[in-house]
Each structure stands twice: as C-alpha cells, then as structure tokens.
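Below: run.cif (mmCIF, C-alpha atoms (C1' of nucleotides))
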data_model
#
loop_
_atom_site.label_atom_id
_atom_site.label_comp_id
_atom_site.auth_asym_id
_atom_site.auth_seq_id
_atom_site.Cartn_x
_atom_site.Cartn_y
_atom_site.Cartn_z
CA MET A 1 -3.40 111.95 -94.05
CA LYS A 2 -0.15 110.60 -95.31
CA ASN A 3 0.27 107.25 -96.92
CA LYS A 4 2.23 104.77 -94.92
CA ASN A 5 4.28 102.36 -96.96
CA TRP A 6 2.69 99.21 -95.67
CA GLY A 7 -0.82 97.76 -95.79
CA GLY A 8 -2.63 97.43 -99.08
CA LEU A 9 -3.09 94.55 -101.46
CA ARG A 10 -1.48 91.16 -101.11
CA LYS A 11 -2.50 87.82 -102.47
CA GLY A 12 -5.47 86.31 -100.66
CA ALA A 13 -6.62 89.66 -99.34
CA GLY A 14 -10.16 90.86 -99.85
CA ARG A 15 -13.40 89.71 -98.39
CA LYS A 16 -14.26 86.07 -98.97
CA VAL A 17 -17.31 84.74 -100.74
CA GLY A 18 -19.91 83.53 -98.28
CA SER A 19 -18.62 85.63 -95.41
CA GLY A 20 -21.98 87.31 -94.90
CA VAL A 21 -24.66 86.35 -92.42
CA TYR A 22 -26.17 83.79 -94.75
CA GLY A 23 -22.91 82.07 -95.64
CA GLU A 24 -23.77 82.15 -99.30
CA ARG A 25 -24.46 84.52 -102.14
CA THR A 26 -27.65 86.52 -102.11
CA LYS A 27 -30.20 87.71 -104.60
CA VAL A 28 -32.75 90.49 -104.64
CA ILE A 29 -36.38 89.62 -105.05
CA ARG A 30 -39.47 91.79 -105.11
CA VAL A 31 -42.15 91.16 -102.56
CA PRO A 32 -45.31 92.90 -101.38
CA GLU A 33 -44.56 95.76 -99.05
CA SER A 34 -46.76 94.44 -96.26
CA ARG A 35 -44.88 91.15 -96.17
CA VAL A 36 -41.33 92.43 -95.87
CA TYR A 37 -40.97 91.99 -92.13
CA ASP A 38 -42.91 88.78 -92.21
CA ILE A 39 -40.52 87.37 -94.78
CA ARG A 40 -37.49 88.53 -92.84
CA ASP A 41 -38.83 86.71 -89.78
CA TYR A 42 -39.55 83.62 -91.80
CA LEU A 43 -36.02 83.71 -93.15
CA ALA A 44 -34.49 84.27 -89.75
CA ARG A 45 -36.33 81.43 -88.12
CA THR A 46 -35.87 78.92 -90.88
CA GLN A 47 -32.19 79.80 -91.21
CA SER A 48 -31.68 79.08 -87.54
CA SER A 49 -34.04 76.15 -87.21
CA ASN A 50 -31.97 73.59 -85.37
CA ILE A 51 -33.96 70.50 -84.44
CA VAL A 52 -33.02 67.14 -85.91
CA GLU A 53 -35.17 64.73 -83.93
CA PHE A 54 -37.17 64.28 -80.79
CA LEU A 55 -36.31 61.55 -78.33
CA SER A 56 -38.51 60.50 -75.49
CA ILE A 57 -37.16 59.23 -72.23
CA GLU A 58 -36.74 55.52 -71.66
CA ASN A 59 -39.41 54.10 -69.38
CA ASN A 60 -37.03 52.16 -67.19
CA LEU A 61 -33.86 54.13 -66.71
CA ASN A 62 -30.68 52.32 -65.85
CA THR A 63 -28.66 53.48 -62.91
CA ASN A 64 -24.93 53.53 -63.27
CA PRO A 65 -23.18 55.63 -60.65
CA ARG A 66 -19.52 56.23 -61.45
CA VAL A 67 -16.76 58.08 -59.69
CA LEU A 68 -16.60 61.81 -60.25
CA PHE A 69 -13.35 63.70 -59.73
CA GLU A 70 -14.11 67.30 -59.05
CA HIS A 71 -10.81 68.65 -57.84
CA LYS A 72 -7.27 68.49 -58.90
CA VAL A 73 -5.60 65.86 -56.81
CA ALA A 74 -2.15 67.14 -56.07
CA ALA A 75 -0.60 64.08 -54.54
CA GLY A 76 -1.13 61.42 -57.12
CA PHE A 77 -4.18 60.31 -58.92
CA PRO A 78 -6.35 58.00 -56.89
CA SER A 79 -7.02 54.95 -58.95
CA PRO A 80 -10.50 55.10 -60.30
CA ALA A 81 -10.85 51.55 -59.03
CA ASP A 82 -10.35 52.21 -55.34
CA ASP A 83 -13.15 54.61 -54.80
CA HIS A 84 -13.01 54.77 -51.05
CA ALA A 85 -14.68 58.05 -50.23
CA GLU A 86 -15.10 59.26 -53.77
CA LYS A 87 -18.18 61.01 -54.91
CA LYS A 88 -20.29 59.00 -57.26
CA LEU A 89 -22.44 60.34 -60.01
CA ASP A 90 -25.27 58.92 -62.05
CA LEU A 91 -25.86 60.78 -65.29
CA ASN A 92 -29.61 60.27 -65.25
CA ASP A 93 -29.82 61.58 -61.70
CA TYR A 94 -27.56 64.46 -62.48
CA LEU A 95 -29.19 65.62 -65.66
CA ILE A 96 -32.84 64.72 -65.27
CA GLY A 97 -35.03 66.43 -62.73
CA GLN A 98 -38.46 64.99 -63.33
CA LYS A 99 -38.41 62.04 -65.65
CA GLU A 100 -42.15 62.29 -66.30
CA THR A 101 -41.77 65.71 -67.89
CA THR A 102 -38.42 65.25 -69.58
CA PHE A 103 -37.61 64.57 -73.19
CA PHE A 104 -34.70 65.14 -75.54
CA VAL A 105 -33.99 66.92 -78.79
CA ARG A 106 -31.02 66.46 -81.06
CA ILE A 107 -29.58 69.75 -82.30
CA LYS A 108 -28.11 70.61 -85.66
CA GLY A 109 -26.28 73.71 -86.76
CA ASP A 110 -24.38 76.37 -84.91
CA SER A 111 -27.03 78.96 -84.15
CA MET A 112 -26.66 78.33 -80.39
CA ILE A 113 -22.93 77.83 -80.28
CA ASP A 114 -22.25 80.72 -77.92
CA ALA A 115 -24.54 79.02 -75.43
CA SER A 116 -22.28 75.98 -75.86
CA ILE A 117 -24.89 73.98 -77.73
CA HIS A 118 -23.18 72.41 -80.70
CA ASP A 119 -24.07 70.59 -83.85
CA GLY A 120 -25.02 67.02 -82.92
CA ASP A 121 -25.63 67.67 -79.23
CA ILE A 122 -28.64 66.21 -77.49
CA VAL A 123 -30.33 68.71 -75.20
CA ILE A 124 -32.49 67.81 -72.25
CA ILE A 125 -35.83 69.52 -71.99
CA ASP A 126 -38.13 69.77 -69.01
CA ARG A 127 -41.62 70.87 -69.96
CA SER A 128 -42.71 71.30 -66.36
CA ARG A 129 -40.37 74.18 -65.75
CA GLN A 130 -41.70 77.65 -66.24
CA ALA A 131 -39.70 79.45 -68.88
CA LYS A 132 -38.25 82.78 -67.90
CA ILE A 133 -36.62 85.50 -69.93
CA GLY A 134 -33.06 84.42 -70.58
CA ASP A 135 -33.82 80.71 -70.45
CA ILE A 136 -32.98 78.46 -73.34
CA VAL A 137 -36.29 77.07 -74.54
CA LEU A 138 -37.77 74.73 -77.08
CA ALA A 139 -40.35 76.74 -79.00
CA SER A 140 -42.45 76.31 -82.08
CA ILE A 141 -43.20 79.09 -84.53
CA ASP A 142 -45.96 78.30 -86.98
CA GLY A 143 -45.18 74.66 -86.38
CA ASP A 144 -41.41 74.89 -86.83
CA PHE A 145 -39.47 73.86 -83.75
CA THR A 146 -36.33 75.58 -82.61
CA VAL A 147 -34.15 75.92 -79.54
CA LYS A 148 -33.33 79.52 -78.69
CA ILE A 149 -32.95 81.98 -75.84
CA LEU A 150 -36.24 83.46 -74.72
CA SER A 151 -36.35 87.22 -74.73
CA ASN A 152 -38.97 89.85 -75.28
CA GLN A 153 -39.41 92.96 -77.31
CA GLY A 154 -42.19 95.35 -76.61
CA GLY A 155 -44.26 92.75 -74.80
CA ARG A 156 -43.94 90.17 -77.53
CA PRO A 157 -41.72 87.10 -77.53
CA ARG A 158 -38.36 87.28 -79.19
CA LEU A 159 -36.10 84.31 -79.72
CA LEU A 160 -32.39 84.98 -79.67
CA PRO A 161 -29.84 82.76 -81.34
CA ALA A 162 -26.54 82.46 -79.48
CA ASN A 163 -24.48 83.29 -82.53
CA GLU A 164 -24.13 86.76 -83.95
CA LYS A 165 -24.27 85.34 -87.44
CA TYR A 166 -27.97 84.68 -86.92
CA ARG A 167 -30.79 87.15 -86.45
CA PRO A 168 -33.30 87.38 -83.64
CA ILE A 169 -36.78 86.07 -84.37
CA ASP A 170 -39.65 88.33 -83.40
CA ILE A 171 -42.99 86.68 -82.81
CA LYS A 172 -45.87 88.66 -84.18
CA LYS A 173 -49.41 88.55 -82.92
CA ASP A 174 -50.78 86.39 -85.66
CA THR A 175 -47.96 83.88 -85.45
CA THR A 176 -48.58 80.54 -83.82
CA PHE A 177 -46.06 80.38 -81.05
CA GLU A 178 -45.58 77.99 -78.21
CA ILE A 179 -42.95 77.23 -75.61
CA TRP A 180 -42.64 73.53 -75.00
CA GLY A 181 -40.10 73.49 -72.26
CA THR A 182 -36.80 74.79 -71.00
CA VAL A 183 -33.44 73.32 -71.83
CA THR A 184 -31.88 72.06 -68.63
CA GLY A 185 -28.80 70.39 -70.00
CA ALA A 186 -26.85 69.13 -72.97
CA VAL A 187 -24.82 66.05 -73.72
CA ARG A 188 -22.36 65.22 -76.41
CA LYS A 189 -20.51 62.14 -77.52
CA PHE A 190 -17.04 62.40 -78.99
CA LYS A 191 -16.29 60.46 -82.11
CA MET B 1 -46.49 103.70 -138.95
CA LYS B 2 -48.52 106.81 -138.89
CA ASN B 3 -49.94 108.54 -135.88
CA LYS B 4 -53.62 108.33 -135.60
CA ASN B 5 -55.24 111.36 -134.06
CA TRP B 6 -56.96 109.54 -131.29
CA GLY B 7 -55.82 107.48 -128.27
CA GLY B 8 -53.24 108.89 -125.89
CA LEU B 9 -53.49 110.56 -122.54
CA ARG B 10 -56.69 111.54 -120.86
CA LYS B 11 -57.47 112.10 -117.23
CA GLY B 12 -57.62 108.88 -115.21
CA ALA B 13 -55.60 106.97 -117.75
CA GLY B 14 -52.51 105.02 -116.77
CA ARG B 15 -52.07 101.89 -114.77
CA LYS B 16 -53.55 102.01 -111.30
CA VAL B 17 -51.66 101.51 -108.06
CA GLY B 18 -52.16 98.04 -106.68
CA SER B 19 -53.06 96.54 -110.04
CA GLY B 20 -50.30 93.94 -109.80
CA VAL B 21 -50.64 90.39 -108.60
CA TYR B 22 -50.17 91.37 -104.97
CA GLY B 23 -52.70 94.18 -105.00
CA GLU B 24 -50.27 96.52 -103.30
CA ARG B 25 -46.92 98.18 -103.76
CA THR B 26 -43.83 96.05 -103.69
CA LYS B 27 -40.29 96.31 -102.41
CA VAL B 28 -37.07 94.56 -103.22
CA ILE B 29 -35.27 92.65 -100.50
CA ARG B 30 -32.10 90.64 -100.56
CA VAL B 31 -32.27 87.00 -99.57
CA PRO B 32 -29.95 83.98 -99.70
CA GLU B 33 -29.81 82.48 -103.14
CA SER B 34 -30.80 79.04 -101.95
CA ARG B 35 -33.99 80.35 -100.35
CA VAL B 36 -35.45 82.27 -103.27
CA TYR B 37 -37.76 79.55 -104.45
CA ASP B 38 -38.71 78.66 -100.91
CA ILE B 39 -39.64 82.25 -100.08
CA ARG B 40 -41.77 82.64 -103.18
CA ASP B 41 -43.51 79.48 -102.09
CA TYR B 42 -44.02 80.81 -98.59
CA LEU B 43 -45.44 84.02 -99.99
CA ALA B 44 -47.91 82.25 -102.20
CA ARG B 45 -48.85 79.80 -99.48
CA THR B 46 -49.53 82.31 -96.74
CA GLN B 47 -51.18 84.79 -99.03
CA SER B 48 -53.74 82.40 -100.33
CA SER B 49 -54.25 80.70 -97.02
CA ASN B 50 -57.83 79.64 -96.62
CA ILE B 51 -57.30 77.40 -93.63
CA VAL B 52 -59.71 77.85 -90.79
CA GLU B 53 -57.57 78.27 -87.75
CA PHE B 54 -58.53 76.20 -84.77
CA LEU B 55 -56.38 78.25 -82.49
CA SER B 56 -57.08 80.01 -79.28
CA ILE B 57 -55.49 82.98 -77.65
CA GLU B 58 -53.97 81.99 -74.37
CA ASN B 59 -51.57 83.28 -71.86
CA ASN B 60 -48.53 81.14 -71.95
CA LEU B 61 -46.04 81.22 -69.14
CA ASN B 62 -48.82 82.05 -66.77
CA THR B 63 -47.05 81.77 -63.47
CA ASN B 64 -44.42 84.38 -64.07
CA PRO B 65 -45.82 87.88 -64.08
CA ARG B 66 -42.74 89.24 -65.80
CA VAL B 67 -43.39 87.11 -68.83
CA LEU B 68 -46.82 87.36 -70.29
CA PHE B 69 -47.15 86.94 -73.99
CA GLU B 70 -50.39 86.88 -75.79
CA HIS B 71 -50.23 84.81 -78.89
CA LYS B 72 -51.85 82.00 -80.68
CA VAL B 73 -51.06 78.55 -79.45
CA ALA B 74 -51.74 75.30 -81.21
CA ALA B 75 -54.44 73.09 -79.79
CA GLY B 76 -52.04 71.42 -77.49
CA PHE B 77 -50.16 68.24 -77.38
CA PRO B 78 -48.68 67.63 -73.96
CA SER B 79 -45.27 67.13 -75.48
CA PRO B 80 -43.90 67.39 -78.98
CA ALA B 81 -41.91 64.28 -78.17
CA ASP B 82 -45.15 62.34 -77.86
CA ASP B 83 -45.98 63.32 -81.36
CA HIS B 84 -42.63 63.33 -83.07
CA ALA B 85 -40.35 61.00 -81.16
CA GLU B 86 -39.67 57.60 -82.55
CA LYS B 87 -36.74 56.69 -80.37
CA LYS B 88 -36.30 56.42 -76.68
CA LEU B 89 -33.18 57.43 -74.88
CA ASP B 90 -31.40 56.54 -71.68
CA LEU B 91 -28.49 58.88 -71.04
CA ASN B 92 -26.47 56.22 -69.24
CA ASP B 93 -26.80 53.89 -72.20
CA TYR B 94 -26.11 56.65 -74.67
CA LEU B 95 -23.04 58.10 -73.02
CA ILE B 96 -21.39 55.19 -71.28
CA GLY B 97 -19.88 52.33 -73.23
CA GLN B 98 -17.95 50.23 -70.75
CA LYS B 99 -19.55 50.92 -67.42
CA GLU B 100 -16.80 49.34 -65.29
CA THR B 101 -14.03 51.42 -66.78
CA THR B 102 -15.85 54.72 -66.97
CA PHE B 103 -15.49 57.68 -64.65
CA PHE B 104 -16.14 61.40 -64.72
CA VAL B 105 -14.08 64.54 -64.32
CA ARG B 106 -15.37 68.04 -63.91
CA ILE B 107 -13.62 70.55 -66.12
CA LYS B 108 -12.26 73.86 -64.96
CA GLY B 109 -11.29 76.64 -67.33
CA ASP B 110 -11.65 77.24 -71.02
CA SER B 111 -8.56 75.64 -72.50
CA MET B 112 -10.66 73.12 -74.43
CA ILE B 113 -13.43 75.43 -75.48
CA ASP B 114 -12.90 74.92 -79.21
CA ALA B 115 -13.51 71.21 -78.65
CA SER B 116 -16.78 72.31 -77.07
CA ILE B 117 -15.67 71.43 -73.55
CA HIS B 118 -16.55 74.30 -71.27
CA ASP B 119 -15.89 75.42 -67.75
CA GLY B 120 -18.05 73.38 -65.39
CA ASP B 121 -18.72 70.57 -67.83
CA ILE B 122 -18.43 66.99 -66.68
CA VAL B 123 -16.56 64.83 -69.15
CA ILE B 124 -16.94 61.09 -69.46
CA ILE B 125 -13.74 59.11 -69.54
CA ASP B 126 -13.17 55.51 -70.48
CA ARG B 127 -9.83 54.19 -69.30
CA SER B 128 -10.22 50.97 -71.24
CA ARG B 129 -9.98 52.68 -74.58
CA GLN B 130 -6.58 52.92 -76.20
CA ALA B 131 -5.84 56.59 -76.82
CA LYS B 132 -4.98 57.52 -80.38
CA ILE B 133 -3.45 60.66 -81.82
CA GLY B 134 -6.24 63.20 -82.09
CA ASP B 135 -8.24 61.82 -79.19
CA ILE B 136 -9.17 63.98 -76.26
CA VAL B 137 -7.49 62.38 -73.27
CA LEU B 138 -7.12 62.76 -69.53
CA ALA B 139 -3.40 62.88 -68.88
CA SER B 140 -1.14 63.64 -65.97
CA ILE B 141 2.09 65.56 -66.29
CA ASP B 142 4.26 65.29 -63.17
CA GLY B 143 1.11 64.70 -61.19
CA ASP B 144 -0.95 67.49 -62.69
CA PHE B 145 -4.05 66.34 -64.45
CA THR B 146 -5.34 67.86 -67.61
CA VAL B 147 -7.72 67.13 -70.44
CA LYS B 148 -6.19 67.85 -73.83
CA ILE B 149 -5.94 66.59 -77.38
CA LEU B 150 -3.25 63.96 -77.79
CA SER B 151 -0.69 64.74 -80.46
CA ASN B 152 2.97 64.08 -80.99
CA GLN B 153 6.08 65.99 -81.87
CA GLY B 154 9.25 64.26 -82.87
CA GLY B 155 8.24 60.96 -81.34
CA ARG B 156 7.29 62.53 -78.00
CA PRO B 157 3.79 63.24 -76.76
CA ARG B 158 2.37 66.68 -77.17
CA LEU B 159 -0.87 67.87 -75.60
CA LEU B 160 -2.87 70.40 -77.57
CA PRO B 161 -5.34 72.77 -75.96
CA ALA B 162 -8.41 73.59 -78.01
CA ASN B 163 -8.06 77.31 -77.51
CA GLU B 164 -5.53 79.44 -79.29
CA LYS B 165 -4.90 81.42 -76.14
CA TYR B 166 -3.14 78.41 -74.67
CA ARG B 167 0.13 76.81 -75.71
CA PRO B 168 0.74 73.22 -76.66
CA ILE B 169 2.45 71.20 -73.95
CA ASP B 170 5.44 69.14 -75.05
CA ILE B 171 6.33 66.21 -72.84
CA LYS B 172 10.04 66.01 -72.23
CA LYS B 173 11.95 62.85 -71.56
CA ASP B 174 12.31 63.22 -67.84
CA THR B 175 8.69 64.15 -67.27
CA THR B 176 6.30 61.77 -65.60
CA PHE B 177 3.54 61.42 -68.13
CA GLU B 178 0.54 59.17 -68.07
CA ILE B 179 -2.66 58.84 -70.05
CA TRP B 180 -5.58 57.84 -67.85
CA GLY B 181 -8.27 57.46 -70.45
CA THR B 182 -9.97 58.96 -73.43
CA VAL B 183 -12.80 61.42 -73.24
CA THR B 184 -15.88 59.86 -74.82
CA GLY B 185 -18.43 62.51 -73.99
CA ALA B 186 -19.37 65.61 -72.09
CA VAL B 187 -22.46 66.79 -70.25
CA ARG B 188 -23.57 70.18 -69.05
CA LYS B 189 -26.36 71.45 -66.89
CA PHE B 190 -27.83 74.84 -67.58
CA LYS B 191 -28.40 77.16 -64.64
"C1'" DA C 1 2.59 89.49 -79.24
"C1'" DT C 2 -0.61 92.83 -80.67
"C1'" DT C 3 -2.09 96.75 -83.39
"C1'" DT C 4 -2.05 99.54 -87.49
"C1'" DT C 5 -2.15 99.95 -92.23
"C1'" DG C 6 -4.32 100.16 -97.29
"C1'" DA C 7 -5.70 97.90 -101.69
"C1'" DT C 8 -8.97 94.72 -102.87
"C1'" DT C 9 -13.04 92.05 -102.83
"C1'" DA C 10 -17.63 90.74 -101.01
"C1'" DA C 11 -21.97 91.79 -98.50
"C1'" DT C 12 -26.02 94.41 -98.10
"C1'" DG C 13 -29.67 97.68 -98.57
"C1'" DT C 14 -31.44 100.81 -101.87
"C1'" DT C 15 -32.16 103.09 -106.27
"C1'" DA C 16 -32.34 102.96 -111.23
"C1'" DC C 17 -33.58 100.95 -115.28
"C1'" DA C 18 -35.82 98.34 -119.05
"C1'" DA C 19 -39.44 95.75 -120.49
"C1'" DT C 20 -44.08 94.77 -119.95
"C1'" DA C 21 -48.85 95.65 -118.45
"C1'" DT C 22 -52.72 98.57 -117.52
"C1'" DT C 23 -55.76 102.40 -118.07
"C1'" DC C 24 -58.59 105.90 -120.18
"C1'" DA C 25 -62.05 107.80 -123.75
"C1'" DA C 26 -62.15 109.08 -128.63
"C1'" DA C 27 -62.23 107.30 -132.99
"C1'" DA C 28 -62.80 103.48 -136.01
"C1'" DT C 29 -65.13 99.34 -137.22
"C1'" DG C 30 -68.90 96.36 -138.51
"C1'" DC D 1 -74.96 100.38 -130.99
"C1'" DA D 2 -71.51 97.24 -129.35
"C1'" DT D 3 -66.85 96.14 -129.97
"C1'" DT D 4 -62.16 97.07 -131.28
"C1'" DT D 5 -58.26 100.09 -132.03
"C1'" DT D 6 -55.47 103.67 -130.63
"C1'" DG D 7 -51.49 106.31 -127.87
"C1'" DA D 8 -49.75 108.79 -123.85
"C1'" DA D 9 -49.15 108.06 -119.24
"C1'" DT D 10 -48.44 105.49 -115.22
"C1'" DA D 11 -47.58 101.08 -112.52
"C1'" DT D 12 -45.56 96.53 -112.17
"C1'" DT D 13 -41.77 93.50 -112.05
"C1'" DG D 14 -37.41 91.36 -112.50
"C1'" DT D 15 -32.72 92.61 -112.67
"C1'" DA D 16 -28.66 95.63 -112.83
"C1'" DA D 17 -26.14 99.13 -110.74
"C1'" DC D 18 -24.72 101.80 -107.04
"C1'" DA D 19 -23.06 103.36 -102.43
"C1'" DT D 20 -21.79 102.08 -98.07
"C1'" DT D 21 -19.99 98.90 -94.99
"C1'" DA D 22 -17.29 94.84 -93.77
"C1'" DA D 23 -13.63 91.50 -94.25
"C1'" DT D 24 -9.13 90.03 -95.61
"C1'" DC D 25 -4.20 89.73 -96.02
"C1'" DA D 26 0.91 90.32 -94.41
"C1'" DA D 27 4.23 94.01 -93.60
"C1'" DA D 28 5.39 97.47 -90.64
"C1'" DA D 29 4.88 99.70 -86.34
"C1'" DT D 30 4.13 99.58 -81.54
#

As a first step, turn the structure in this file into structure tokens.
Amino acid sequence: MKNKNWGGLRKGAGRKVGSGVYGERTKVIRVPESRVYDIRDYLARTQSSNIVEFLSIENNLNTNPRVLFEHKVAAGFPSPADDHAEKKLDLNDYLIGQKETTFFVRIKGDSMIDASIHDGDIVIIDRSRQAKIGDIVLASIDGDFTVKILSNQGGRPRLLPANEKYRPIDIKKDTTFEIWGTVTGAVRKFK
Amino acid sequence: MKNKNWGGLRKGAGRKVGSGVYGERTKVIRVPESRVYDIRDYLARTQSSNIVEFLSIENNLNTNPRVLFEHKVAAGFPSPADDHAEKKLDLNDYLIGQKETTFFVRIKGDSMIDASIHDGDIVIIDRSRQAKIGDIVLASIDGDFTVKILSNQGGRPRLLPANEKYRPIDIKKDTTFEIWGTVTGAVRKFK
DNA sequence: ATTTTGATTAATGTTACAATATTCAAAATG
DNA sequence: CATTTTGAATATTGTAACATTAATCAAAAT
C-alpha cells in the first residue's frame, strides 16, 4: 500500500451535519427492551408520514376536453386552435375511473419521491380497487395515514417508502392497520 | 465515619432485575433529536394504555389470494375522506386556468426528471401565459418540440433540462425558435 | 468525462461509566 | 417487639465514549 500524492483533506471535505437518514442530529435514549422494535417502527412511520389533507371529489364534475399532442410533429406544429383530427383529453375522464369511489390526498415530504410522488402533489385514490403487492396504497397505521408501496414480510404487511433515506414500516399483529385504497394517479401544479 | 459491624452483603441482597420503572431490562437506542420527547410520550402512552379496543380481526384484501394479512382494522368508515375531508376537488378546475388556451402534451424521456416531469406524464400547457425566465415552457427549435426550463445566456434564449445528464440548449441567431406556452401542471397515471 | 485517492468529519449502533436506587438481614433503637 | 439504621452488592438510568461505517472534497489518474 503506497501513498499516492493526491486525495486527502481539503476545505469543505468531511461528512456534513444532517447527512444521516434522519437529516438531523441524533441522541441516545434508554427504552424497555421489549419496545425497541416497536419504537423503531413508530419512528419509521411517523418520519415518513406524508398526508397533508383529504379532498373529496366534487359532486358535479366539469368536463373540459382539450387537445392532447402525443407525438412529435415533424413538419410544423399544428396550431392548438385548429384541432381537426386531434385527440382530445378530459382530465377527469383520464384520471378518474369510478367517481363514486375516488377521493384525493395531498402529499407532503419526499418519502415517495422515487415513485415520482413529490411534495405538494395531489394523488388520486380509488378505494374500490383491490390492492396488490407493489401497488401504491393509502394505509393507516394506528390511525396515522400514509401513502406507501404495499409489500409483505413473512406474511405480514410491510410499507415501503420510495426513498432510500426512509425505512420500511413493518406492521405487527397488534397494530391497527388498514388499506383505504390504491393510488391511481398524481397531479401537480407548477408555481 | 466509622464502620459499624453490621449491614453489608448477605444472600439475596442487591437490587432486583426488573425493579425499574419499566419492570424489565432496558436498552439504549439512537433516535433523532427532535423526536426524543415525542418518543418518551409514545412510550408512556402505549404502556399505560387502558383503552378497550373495539377492533375486530378481519381479512383485508380478501379477493387476492396472494395477499392475505391478518391484522386489526378499525371499525370502518367507508372512506377516510368522508371523515377528514373538508374540501372538494375537481381536477379540471384545479389544473386548468384558462380553458380555451390550454392543451396537453405527453412527455417522452427523462430530461426534465428533476422538475418532477417523468416519462409518460401529460403536462398541461397554457399558451396565453407570458413565459418568464425560470418557467417550464413548451418550445420549438427548428421545428423540434421540447419542454424545458426557460433561461437566457448573453441576451439569447437558453433551454435548461432538469437532469444533469443532459446539456443546456443555446438558441443561436439563425435558429427558428418559438415558445408555445408555459407548463402549468403535470398529471400521471399509475399502472 | 469519469474514477481513484486520502484526510477529515459525521452518523450510527454498542459498550462503558458514573450516579443513584434497591435489596437483604443483623444490629441498634425506643 | 416493631421500627430504623447499616453496608456490600447489584440493578437502573442517563450520558459519554468508542468503533465502525459513510460522506465529502478537489487533485490526480484513467
């Protein structure tokens, strides 16, 4: 092992404060042995809790079909005004399957960012759809709501964040757990 | 202080295991600083819980044999939105400002992924809105359409991808360049 | 353009430590 | 006789310290 003459210290080097999974400094506390895993789960799920508000669907939905351009148009852009044979799209039609079983949730935080669900997004939830492993679901754990990927671990539910900075949440037998619906879409407004 | 010749060790003396407040052995765990108080609270709360649980064991997800979790479920509300939602939402109203000047474009590729616009997304474009520096715009460069962040460089337009794997696009003088509208939103369907 | 490099600094799980509390029965106390 | 005092040992409990791993930077190498 010979020393190369590069690498080593320079200003700004060294790990940064808050670069751990919690994004802040930590502290050690003493807890009863039997509660260790319980507390870790509680921490994991509250750290990645990501529901801001619930929104129910409007009773009388407006229809507003607009032109959708799906392909690159090589020879000039057809004016959005002269929609001769253009495909038209209505957002409610596109995003909502059954309006009777659909509602919305506004998301906060970045625990689902790798599933392209971002801070401030509104996700669309259909409670009539049967959740399958791998689906993004709205679930409640001891009354706390969260949107996560449904998985399982040894026959018990496990909720996966879509961000490696967050930890999976294992649902134990004596935990109150419920799946309220599957996430079928997401919308976002810019600025 | 003189030693008396009584007191001291005898068999059975010494503090007993489990004689602390938790009645069992303890362990130290590391938790985020901001959660310390909260966790102590959670510990105390759940330890001294004397709430009679009106919960039943049910099979959730009962139509898919691959997913069968046994767990407690809350005595059910049909939808959490019924219970928690104050507002109602119509996606057309939420996402579309000027309906006459709005159209949609489906996005291909990942060049705008850091602006949370993903492959397959449909973006909402309003051509009545004056594009400003920093806006996400639909532009055409010599007839090729692209969605990028509008910037400038030495008085000439520059289009920035939101993905470091892609290069900024500088618009030269003899290039046909047009801005067709600003991106006001994006929607995505899952699966 | 990407990978390798090494000194430094932080994160993280565990152990160690210091101070306090508990326990016992014999002896002292009243 | 009932209660209090006594001291060595052992546990509890909060915190400090430690070891290992991870992250960070820009120069040099590839």

| What do you get, as a count of residues only, if you spell out every residue that the PyMOL selection byres ((chain A) within 6 of (chain B)) selects here? | 32

| Do you know which residues the PyMOL selection byres ((chain D) within 7 of (chain B)) returns on this file, as a ChimeraX atom specification? | /D:6-12

| Taking all atoms listed in the file into account, what are the residues of chain C at most 9 Å from chain B, put as an MDAnalysis selection string? | chainID C and resid 12:14 21:27

Taking the file as shown, find all residues satisfying the PyMOL selection byres ((chain C and resi 2) around 12) and write them as an mmCIF file with C-alpha atoms (C1' of nucleotides), in the frame of the given file.
data_model
loop_
_atom_site.group_PDB
_atom_site.id
_atom_site.type_symbol
_atom_site.label_atom_id
_atom_site.label_comp_id
_atom_site.auth_asym_id
_atom_site.auth_seq_id
_atom_site.Cartn_x
_atom_site.Cartn_y
_atom_site.Cartn_z
ATOM 1 C "C1'" DA C 1 2.590 89.490 -79.240
ATOM 2 C "C1'" DT C 3 -2.090 96.750 -83.390
ATOM 3 C "C1'" DT C 4 -2.050 99.540 -87.490
ATOM 4 C "C1'" DA D 29 4.880 99.700 -86.340
ATOM 5 C "C1'" DT D 30 4.130 99.580 -81.540
#

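We find CA of Met112 (chain B) and CA of Tyr166 (chain B) to be spaced 9.2 Å apart.
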
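Of note, CA of Gly181 (chain A) and CA of Gln130 (chain A) are spaced 7.5 Å apart.
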
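Our summary of the geometry notes that CA of Gly134 (chain B) is positioned 12.4 Å from CA of Val147 (chain B).
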